[in-house]
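First comes the structure, then the notes that go with it.
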Amino acid sequence: MTMIKGLERQSLGRSVTVEPVVHSLQVSSSVSSNPMLALGYYLLLAYVFLAFSRVLDILTPGLRLPLVFYGSMAAATLLSGCLFRFLKTSIGRWLLALSLWLAITTPFSSWRGASLQFVVDMYRSFIFAAVIIGLTTEMDQVYKLIRIIAYSIMIGAVLSFFFGELSYGRLILPRGTFRDPNQYAMTLLLSLPLWLWIAKGLSFPAVLAPFVCLIPVFIAFLRAGSRGAAIGLAAFCAVQLWQASLARKAILFFMMVVVVGGALAVLPTYLKERYFTLFNADTAEIGDVRERQQLEGGDVGSSHARLALLLTSIDMTLAHPLFGVGAGQFPYQAWVYRAEHGQPRMLATQTHNTFTEVSSELGIPALVIFLGLVISSFRALRSVLKLKSSSLYRLPQRVIDTAEALLLTMVVLTVCSCFLSLTYGPLFFVIPAIIAVFCRAVQNDLPGWRIDSIAAPPVAIRAAQRPPAGPVPGLGPGLRRPVSYRK
C-alpha cells in the first residue's frame, strides 16, 4: 500500500481524532528550544563540510579537528536523546542490520586482526548516519544539509587548481581520500544534481551563481579521468531526460551535447582517448609514445584487471556464501586464489565493485541487506514523487525538486558503486540517511499540504480537518505527530 492510497483511505473512510494543534506547536517549540539538539546540528554541518571537502587533508593534514567534531556531534546526539531515532525509519534499520551482520562475520574472517580496521570504518559511518537521522528534524535543516554538501564538494574541486597533481595524466589531490582519482571524480559528480537543485530555488540573475560554481567541479571531474564516473554521468543525463517534460527533453539533450562535446574538445588527447578506450587501444589516435604505452599498459590493462577481479569476487562469493572471507580481506585472498588456480597474479587490490565486495567479504546475506538498503532508499523517494499526482495534497515545488535531486544523487552513487569499493565508507550511509530525514520531514509536514486545509484559513479549522500522516513506504512508522505545519 503506497503512502497516497493510505492517506486517501484515511480521508475517505472513518473519522479520525486528531490531537489539538496547540500540543503540536508545543512539540515543535520543544524541539527548536533544545540547546543540545541545536548545537549538535551545527556540529554536524561543520563535520559534513570537512568530510566532503577534505580541505584539512591538504591544508593541515596532522590536525585532528574532524575527529573532534565527530565526537562532539555524536555526544550531542546522545545527550539530546535522539541517537536511536534511526530505529523509527526502515532505512536506519537496514543500516543497523548491515552493521550487525559485519560484527557477526568478523569472528569468521580469514584474518580477524586485519578486518578490525574495516569494522571500525563501517561503524564510524553508521554512527555518522545515526547522527544525521537524529539531529535533522525539519525540512529547512534538510535543505541546509544538502547545500553544505554541495558547497564542500565545490571547495574540494577548487583545491585541485592550487594543490592538484597529475598521476599518470589524471588529476588527484596529494593527500587523503581524493588521492584516488576515481573516488575524487565520483564525489565531484555527486554534487551535480545538488547544484542543479540549488539553481531551481533561485530567480534570475542569482540562478547563474550555481552554474558558475559548477565550472570548477566539472573541470576537475573531467581531468580526473574516471571512466566509471563517466558512466555515472551518462546515467545522470539519462534520468534527467526521463524526468523532464516532453517540451524540455529536446532542450536538455541539446545542452548536454554542447557541454559534453565542448568539454571533450578541450581535454588533453590522452584523457580524451582514455574515456573511449576500454579493452583495446588499437583505434586510439595518440602520437606520443609514452601516452600510448600508458593507454595500452595502464588503462586497457586496468579494464582487463577489473574484469578479472569481478569474476574472482563472484567465484569467492560462491565459495564462501554465508560469511565471506572477512571484511577487507578480498585483496589478499584474491591473490592466493589466483595463485592456487594457476592464473596470472596481480597486485593485491579491491574488487572495484561495491556489490561484489559486500558479497565476497561479508557473504550473500550482507548483499541481501545492502540491496534492501538501496531499494528502500529509492522506494522512499518514489513515494514522495507519486504525491505530485495526488488529488488530496499539493506539495510545494521545492519539495518535489528535492526528491528529484536526491533520486539523481542515489542513481549516480549506485551506478558509480559498480566501479568502486564503497562498502565501509560513509557515502552509502550518509546519502540514504539524508533521504530518510527528508521523507520523514515530508511525512510530518504532509497534513499542512492537504488541499482543503490550504483553502481553510483558520488554524483551528485546519487542525480539525487534518488526518494523521500515514507512514512513508521504506521509512517505517516515522513520527506520528507532525513536527511543524509549514507549507
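We label chains A, B, ... in the order they appear in the C-alpha cells, count residues from 1 in each chain, and number ligands from 1 in the order shown.
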
Write out as a list of chain:residue names the residues lying within 12 Å of Val68 (chain A), counting only C-alpha atoms and excluding same-chain residues fewer than 3 positions away.
->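 These residues fall inside the cut-off: A:Leu43, A:Leu44, A:Ala46, A:Tyr47, A:Leu50, A:Leu63, A:Arg64, A:Leu65, A:Gly71, A:Ser72, A:Met73, A:Ala74, A:Ala75.
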
Please tabulate, as a tab-separated table, the residues of region 131-198 of chain A that come within 10 Å of region 203-221 of chain A, each with its closest pair of atoms and the distance in Å to one decimal, counting only C-alpha atoms and ordering rows by chain, then residue number upward.
```
residue	atom	partner	partner_atom	distance
A:Ala150	CA	A:Cys213	CA	9.5
A:Tyr151	CA	A:Cys213	CA	8.7
A:Ile153	CA	A:Val217	CA	7.8
A:Met154	CA	A:Val217	CA	5.9
A:Ile155	CA	A:Val217	CA	8.7
A:Gly156	CA	A:Val217	CA	8.3
A:Ala157	CA	A:Val217	CA	5.2
A:Val158	CA	A:Pro216	CA	6.1
A:Leu159	CA	A:Pro216	CA	9.5
A:Ser160	CA	A:Ala220	CA	7.0
A:Phe161	CA	A:Ala220	CA	8.3
A:Gly164	CA	A:Ala220	CA	9.3
A:Arg170	CA	A:Ala220	CA	9.8
A:Leu171	CA	A:Ala220	CA	7.2
A:Ile172	CA	A:Ala220	CA	8.9
A:Pro181	CA	A:Phe221	CA	9.0
A:Asn182	CA	A:Phe221	CA	9.4
A:Tyr184	CA	A:Phe221	CA	7.7
A:Ala185	CA	A:Phe221	CA	4.9
A:Met186	CA	A:Phe221	CA	7.9
A:Thr187	CA	A:Phe221	CA	8.9
A:Leu188	CA	A:Phe221	CA	6.1
A:Leu189	CA	A:Phe221	CA	7.0
A:Ser191	CA	A:Val217	CA	8.2
A:Leu192	CA	A:Leu214	CA	7.4
A:Leu194	CA	A:Pro210	CA	9.6
A:Trp195	CA	A:Pro210	CA	5.8
A:Leu196	CA	A:Pro210	CA	7.2
A:Trp197	CA	A:Pro210	CA	9.1
A:Ile198	CA	A:Pro210	CA	6.8
```

Check the DSSP output for the backbone and give back, as a VMD selection string, the residues of region 301-469 of chain A in helix (DSSP H, G or I).
-> chain A and resid 301 to 319 330 to 340 354 to 362 364 to 389 397 to 416 427 to 449 451 to 455 459 to 465

Between CA of Glu357 (chain A) and CA of Ser421 (chain A), what is the spacing in Å?
-> 6.6 Å

Could you please write out, as number ranges by chain, every residue of region 152-374 of chain A that DSSP assigns to strand (DSSP E)?
-> A: 165-167, 170-172

Would you mind telling me which residue in A:Gln183, A:Gln141, A:Thr423, A:Asn34 lies nearest to Phe52 (chain A) when using only C-alpha atoms?
->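 Smallest separation from Phe52 (chain A) among the options: A:Gln183.
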
Would you kindly return, as a short mmCIF file (atom, residue, chain, number, x, y, z; two decimals) with C-alpha atoms, in the first residue's frame, each protein, DNA or RNA residue with an atom no farther than 10 Å from any atom of Pro193 (chain A), considering only C-alpha atoms and excluding same-chain residues fewer than 6 positions away?
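Generated output (result_27.cif):
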```cif
data_model
loop_
_atom_site.label_atom_id
_atom_site.label_comp_id
_atom_site.auth_asym_id
_atom_site.auth_seq_id
_atom_site.Cartn_x
_atom_site.Cartn_y
_atom_site.Cartn_z
CA ALA A 150 27.29 20.95 -2.46
CA ALA A 199 19.63 26.67 -9.05
CA PHE A 236 22.59 11.05 -14.57
CA GLN A 240 17.41 13.82 -16.06
CA THR A 402 14.41 17.96 -3.61
CA GLU A 404 14.17 14.52 -7.79
CA ALA A 405 17.64 15.77 -6.82
CA LEU A 406 18.10 13.08 -4.18
CA LEU A 407 16.87 10.46 -6.64
CA LEU A 408 19.52 11.58 -9.13
CA THR A 409 22.17 11.53 -6.42
CA MET A 410 21.22 7.99 -5.46
CA VAL A 412 24.83 8.36 -9.52
#
```

Nearby residues (only C-alpha atoms) at most 12 Å from Ser377 (chain A), same-chain spacing under 5 positions excluded, as a PyMOL selection string | chain A and resi 89-95+370-372+382-384+403+406-411+413-414+428-439+472-475

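Using only C-alpha atoms, the shortest contact distance between Phe355 (chain A) and any of A:Ala247, A:Ile314, A:Val266, A:Ile451 is found at A:Ile314.
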
Who sits within 10 Å of Met256 (chain A), only C-alpha atoms, same chain under 4 positions skipped, as a PyMOL selection string = chain A and resi 234+237+241+250-252+260-262

With N, CA and C atoms retained, write the just-selected residues as a short mmCIF file (atom, residue, chain, number, x, y, z; two decimals), in the first residue's frame.
```cif
data_model
loop_
_atom_site.label_atom_id
_atom_site.label_comp_id
_atom_site.auth_asym_id
_atom_site.auth_seq_id
_atom_site.Cartn_x
_atom_site.Cartn_y
_atom_site.Cartn_z
N ALA A 234 26.64 9.54 -17.51
CA ALA A 234 25.68 9.14 -18.54
C ALA A 234 24.36 8.72 -17.91
N CYS A 237 22.48 11.85 -16.87
CA CYS A 237 21.85 12.51 -18.01
C CYS A 237 20.59 11.76 -18.44
N LEU A 241 16.81 13.35 -18.37
CA LEU A 241 15.94 13.41 -19.54
C LEU A 241 14.61 12.71 -19.28
N ALA A 250 14.11 18.03 -25.53
CA ALA A 250 14.97 18.43 -26.65
C ALA A 250 15.98 19.49 -26.21
N ILE A 251 15.53 20.45 -25.40
CA ILE A 251 16.44 21.50 -24.93
C ILE A 251 17.54 20.90 -24.04
N LEU A 252 17.15 20.02 -23.12
CA LEU A 252 18.12 19.40 -22.24
C LEU A 252 19.13 18.56 -23.02
N VAL A 260 29.09 18.43 -23.03
CA VAL A 260 29.99 17.29 -23.09
C VAL A 260 30.91 17.40 -24.31
N GLY A 261 30.35 17.79 -25.45
CA GLY A 261 31.17 17.93 -26.65
C GLY A 261 32.22 19.01 -26.49
N GLY A 262 31.85 20.14 -25.90
CA GLY A 262 32.81 21.21 -25.67
C GLY A 262 33.89 20.80 -24.70
#
```

Go through A:Val120, A:Ile375, A:Ala380, A:Val368 and flag the residue nearest Ala97 (chain A), using only C-alpha atoms for the distances.
->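 For Ala97 (chain A), the nearest of the given residues is A:Val368.
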
CA of Asp315 (chain A) sits from CA of Ser109 (chain A) at a separation of 17.1 Å

Spatial neighbours of Gly225 (chain A), max dist 7 Å, only C-alpha atoms, sep filter under 3 positions, as a ChimeraX atom specification = /A:170,222,271,275

Would you work out the distance separating CA of Leu98 (chain A) from CA of Gln350 (chain A), expressed in Å to one decimal?
->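 Computed distance, CA of Leu98 (chain A) to CA of Gln350 (chain A), equals 19.6 Å.
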
For Phe178 (chain A), the nearest of the candidates A:Cys82, A:Ile58, A:Ile149, A:Ala263, counting only C-alpha atoms =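 With only C-alpha atoms as the atom set, the closest residue is A:Ile58.
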